[in-house]
Amino acid sequence: MKTFIAAYSGVLRGTGSSILSALQDLFSVTWLNRSKVEKQLQVISVLQWVLSFLVLGVACSAILMYTFCTDCWLIAVLYFTWLVFDWNTPKKGGRRSQWVRNWAVWRYFRDYFPIQLVKTHNLLTSRNYIFGYHPHGIMGLGAFCNFSTEATEVSKKFPGIRPYLATLAGNFRMPVLREYLMSGGLAPLSRVRTSGICPVNPRGSAQEWLGGQKCSLSLLGPGRWAVTLRTEKTNPHLSLRGQADLVPIYSFGENEVYKQVIFEEGSWGRWVQKKFQKYIGFAPCIFHGRGLFSSDTWGLVPYSKPITTVVGEPITIPKLEHPTQQDIDLYHAMYMEALVKLFDQHKTKFGLPETEVLEVN
């Protein structure tokens with residue numbers, strides 16, 4: 001009997017150790033899988049925005065036109081009718097949705113790179129602001145994450161400030177895409193250029209990509225940082241007319257997330273880009289990132305390089321109903337100087353050597 005009890009006790013001890021070991025292995029495997037799942041969720045969250053940006057508008061336009069020729073034509077008619085009545089909503093400030101801006105998908109989007117928003121000065125709620133985001137990059141991913149979502153807590157860092165991210169007006173003529181963009185607080189660039197600030201919110205701030213597609217076409221090889229700004233004087237003009245302070249923003253790493261094919265000046269590719277830019281408003285770029293399942297293959301998923309967006313000190317601008325060219329040139333020069341200063345103050349914090357300089361073309 002004693003022998004049986006002793007043997008049984010030994011089995012229990014052995015079984016307990018085996019179970020404990022199996023549980024430890026299980027939790028270890030679960031943790032590893034969870035890490036992989038989170039990484040894939042980050043990749044998918046970024047890819048869904050890239051695809052939305054590139055093809056959602058065109059795809060939905062094609063589907064809407066096709067629906068007119070099917071038994072579901074009434075749905076297309078109703079949407080098209082509503083679209084006509086709602087056509088000017090983007091110009092009036094859109095339909096910002098805090099629910100959409102707080103989606104969990106944007107936190108995965110932020111963590112993929114990761115993206116960080118750095119505040120250097122307070123912004124007064126009694127003032128209007130025009131933000132200048134540099135460099136433009138291929139898609140302005142840092143600008144979108146920081147100012148069209150709450151992933152980096154822009155509303156907490158700048159309480160009372162309501163940012164509007166300006167993009168091409170043509171995007172708001174695309175069905176479904178326009179709703180998606182408006183929900184994040186995006187506004188047509190033409191409206192910002194016309195009024196200088198979204199008039200529906202006297203305490204709002206208009207976020208614009210200064211240099212725009214011109215900046216995205218800049219030759220940015222290894223060890224070179226440049227922005228196209230010397231000939232872009234629209235924003236100082238708007239600031240003077242609307243009394244909106246200028247805020248320089250530099251986003252370290254924005255140009256590192258995609259690899260771009262650069263066409264040299266005088267080449268046929270550069271000629272095509274300039275013609276598109278002149279007559280259509282944007283310049284097509286040939287670029288690539290990584291693949292969906294592997295960073296060793298090419299695809300549309302951007303590379304996971306850190307993006308750090310630094311918001312600089314606002315430049316106080318007086319209100320002038322009829323600013324002269326001399327006034328515009330003065331504040332334009334002040335803005336360029338402030339942007340270079342912002343770059344120099346923070347470049348060493350984000351991996352650049354002290355000797356690097358920002359080229360302003």
# chains A, B, ... in the order shown; residues from 1 in each chain; ligands from 1
call {"tool": "residues_around", "arguments": {"residues": "region 345-347 of chain A", "least_positions_apart": "4", "cutoff": "12 Å", "atoms": "only C-alpha atoms", "output": "PyMOL selection string"}}
result
chain A and resi 118-120+225+249-253+308-313+338-341+351-358
call {"tool": "residues_around", "arguments": {"residues": "Ser45 (chain A)", "least_positions_apart": "3", "cutoff": "8 Å", "atoms": "only C-alpha atoms", "output": "MDAnalysis selection string"}}
result
chainID A and resid 41:42 48:49 105:106 108:109
call {"tool": "write_last_selection", "arguments": {"atoms": "N, CA and C atoms", "output": "PDB file, in the first residue's frame"}}
result
ATOM      1  N   LEU A  41      -1.226  43.575 -38.100  1.00  0.00           N
ATOM      2  CA  LEU A  41      -2.295  44.569 -37.992  1.00  0.00           C
ATOM      3  C   LEU A  41      -1.770  45.965 -38.315  1.00  0.00           C
ATOM      4  N   GLN A  42      -0.545  46.251 -37.888  1.00  0.00           N
ATOM      5  CA  GLN A  42       0.070  47.539 -38.212  1.00  0.00           C
ATOM      6  C   GLN A  42       0.256  47.682 -39.715  1.00  0.00           C
ATOM      7  N   GLN A  48      -4.298  49.894 -45.754  1.00  0.00           N
ATOM      8  CA  GLN A  48      -5.665  50.307 -46.064  1.00  0.00           C
ATOM      9  C   GLN A  48      -5.721  51.800 -46.368  1.00  0.00           C
ATOM     10  N   TRP A  49      -4.908  52.607 -45.671  1.00  0.00           N
ATOM     11  CA  TRP A  49      -4.910  54.043 -45.960  1.00  0.00           C
ATOM     12  C   TRP A  49      -4.227  54.337 -47.288  1.00  0.00           C
ATOM     13  N   VAL A 105      -7.488  51.659 -35.432  1.00  0.00           N
ATOM     14  CA  VAL A 105      -6.628  51.402 -36.585  1.00  0.00           C
ATOM     15  C   VAL A 105      -5.542  52.457 -36.717  1.00  0.00           C
ATOM     16  N   TRP A 106      -5.823  53.682 -36.284  1.00  0.00           N
ATOM     17  CA  TRP A 106      -4.820  54.746 -36.406  1.00  0.00           C
ATOM     18  C   TRP A 106      -3.697  54.565 -35.397  1.00  0.00           C
ATOM     19  N   TYR A 108      -2.520  51.585 -34.569  1.00  0.00           N
ATOM     20  CA  TYR A 108      -1.658  50.619 -35.258  1.00  0.00           C
ATOM     21  C   TYR A 108      -0.864  51.308 -36.362  1.00  0.00           C
ATOM     22  N   PHE A 109      -1.513  52.225 -37.058  1.00  0.00           N
ATOM     23  CA  PHE A 109      -0.853  53.023 -38.100  1.00  0.00           C
ATOM     24  C   PHE A 109       0.342  53.771 -37.503  1.00  0.00           C
TER      25      PHE A 109
END
call {"tool": "closest_residue", "arguments": {"among": "A:Ala244, A:Val50, A:Phe144, A:Leu78", "to": "Leu123 (chain A)", "atoms": "only C-alpha atoms"}}
result
A:Ala244
call {"tool": "residues_around", "arguments": {"residues": "Asn102 (chain A)", "least_positions_apart": "2", "cutoff": "12 Å", "atoms": "only C-alpha atoms", "output": "VMD selection string"}}
result
chain A and resid 96 to 100 104 to 109 145 to 155 183 to 184
call {"tool": "closest_residue", "arguments": {"among": "A:Asn128, A:Arg230, A:Asn361, A:Tyr335", "to": "Lys319 (chain A)", "atoms": "only C-alpha atoms"}}
result
A:Asn128
call {"tool": "residues_around", "arguments": {"residues": "Pro90 (chain A)", "least_positions_apart": "4", "cutoff": "9 Å", "atoms": "only C-alpha atoms", "output": "list in words"}}
result
Asp86, Gly94, Arg95, Ala169, Phe172, Arg178, Met182, Leu186, Ala187, Pro188 and Arg191 of chain A
call {"tool": "write_last_selection", "arguments": {"atoms": "N, CA and C atoms", "output": "tab-separated table (two decimals), in the first residue's frame"}}
result
chain	number	residue	atom	x	y	z
A	86	ASP	N	-24.82	68.05	-51.54
A	86	ASP	CA	-23.77	68.09	-50.52
A	86	ASP	C	-22.42	68.55	-51.09
A	94	GLY	N	-16.46	70.62	-43.88
A	94	GLY	CA	-16.63	69.17	-43.90
A	94	GLY	C	-17.46	68.62	-42.76
A	95	ARG	N	-17.30	67.32	-42.51
A	95	ARG	CA	-18.00	66.63	-41.43
A	95	ARG	C	-16.98	65.86	-40.61
A	169	ALA	N	-8.24	69.55	-54.11
A	169	ALA	CA	-9.70	69.64	-54.16
A	169	ALA	C	-10.32	68.51	-54.96
A	172	PHE	N	-12.10	65.56	-53.28
A	172	PHE	CA	-13.43	65.72	-52.71
A	172	PHE	C	-14.53	65.65	-53.78
A	178	ARG	N	-14.49	61.16	-50.51
A	178	ARG	CA	-14.72	62.48	-49.92
A	178	ARG	C	-15.25	62.36	-48.49
A	182	MET	N	-13.27	63.78	-45.22
A	182	MET	CA	-13.91	64.78	-44.37
A	182	MET	C	-14.02	64.31	-42.93
A	186	LEU	N	-10.02	66.64	-43.13
A	186	LEU	CA	-9.31	67.16	-44.28
A	186	LEU	C	-10.17	68.18	-45.02
A	187	ALA	N	-9.51	69.14	-45.67
A	187	ALA	CA	-10.21	70.21	-46.37
A	187	ALA	C	-9.58	70.41	-47.74
A	188	PRO	N	-10.35	70.94	-48.71
A	188	PRO	CA	-9.78	71.19	-50.04
A	188	PRO	C	-8.73	72.29	-49.99
A	191	ARG	N	-9.85	75.80	-50.98
A	191	ARG	CA	-10.57	76.59	-49.99
A	191	ARG	C	-9.60	77.32	-49.07
call {"tool": "atom_distance", "arguments": {"atom1": "CA of Val360 (chain A)", "atom2": "CA of Met334 (chain A)"}}
result
12.9 Å
call {"tool": "closest_residue", "arguments": {"among": "A:Pro248, A:Tyr66, A:Tyr129, A:Phe53", "to": "Leu168 (chain A)", "atoms": "only C-alpha atoms"}}
result
A:Phe53
call {"tool": "atom_distance", "arguments": {"atom1": "CA of Leu64 (chain A)", "atom2": "CA of Met174 (chain A)"}}
result
10.3 Å
call {"tool": "residues_around", "arguments": {"residues": "Pro175 (chain A)", "least_positions_apart": "6", "cutoff": "7 Å", "atoms": "only C-alpha atoms", "output": "PDB file with N, CA and C atoms, in the first residue's frame"}}
result
ATOM      1  N   GLY A  57     -11.109  56.421 -54.455  1.00  0.00           N
ATOM      2  CA  GLY A  57     -11.942  57.363 -55.196  1.00  0.00           C
ATOM      3  C   GLY A  57     -12.258  56.886 -56.597  1.00  0.00           C
ATOM      4  N   CYS A  60     -14.569  53.688 -56.453  1.00  0.00           N
ATOM      5  CA  CYS A  60     -15.958  53.993 -56.099  1.00  0.00           C
ATOM      6  C   CYS A  60     -16.665  54.744 -57.228  1.00  0.00           C
ATOM      7  N   SER A  61     -15.931  55.564 -57.962  1.00  0.00           N
ATOM      8  CA  SER A  61     -16.525  56.254 -59.115  1.00  0.00           C
ATOM      9  C   SER A  61     -16.936  55.240 -60.175  1.00  0.00           C
TER      10      SER A  61
END
call {"tool": "atom_distance", "arguments": {"atom1": "CA of His288 (chain A)", "atom2": "CA of Leu56 (chain A)"}}
result
18.7 Å
call {"tool": "residues_around", "arguments": {"residues": "region 269-272 of chain A", "least_positions_apart": "5", "cutoff": "10 Å", "atoms": "only C-alpha atoms", "output": "list in words"}}
result
Leu217, Val261, Ile262, Phe263, Glu264, Gln277, Lys278, Ala283, Pro284, Cys285 and Ile286 of chain A
call {"tool": "select_by_dssp", "arguments": {"residues": "region 75-156 of chain A", "states": "strand (DSSP E or B)", "output": "ChimeraX atom specification"}}
result
/A:115-119,128-134
call {"tool": "residues_around", "arguments": {"residues": "region 299-302 of chain A", "least_positions_apart": "6", "cutoff": "7 Å", "atoms": "only C-alpha atoms", "output": "MDAnalysis selection string"}}
result
chainID A and resid 46:47 257:258 288:292
call {"tool": "write_last_selection", "arguments": {"atoms": "C-alpha atoms", "output": "PDB file, in the first residue's frame"}}
result
ATOM      1  CA  VAL A  46      -1.097  51.370 -43.135  1.00  0.00           C
ATOM      2  CA  LEU A  47      -1.946  49.544 -46.354  1.00  0.00           C
ATOM      3  CA  VAL A 257       9.401  55.684 -45.909  1.00  0.00           C
ATOM      4  CA  TYR A 258       9.328  55.280 -49.703  1.00  0.00           C
ATOM      5  CA  HIS A 288       7.854  51.714 -54.092  1.00  0.00           C
ATOM      6  CA  GLY A 289       7.880  50.443 -50.543  1.00  0.00           C
ATOM      7  CA  ARG A 290       7.986  46.948 -49.108  1.00  0.00           C
ATOM      8  CA  GLY A 291       5.710  43.970 -49.731  1.00  0.00           C
ATOM      9  CA  LEU A 292       2.749  42.983 -47.574  1.00  0.00           C
TER      10      LEU A 292
END
call {"tool": "closest_residue", "arguments": {"among": "A:Asp71, A:Glu359, A:Glu256, A:Glu38", "to": "Thr228 (chain A)", "atoms": "only C-alpha atoms"}}
result
A:Glu359
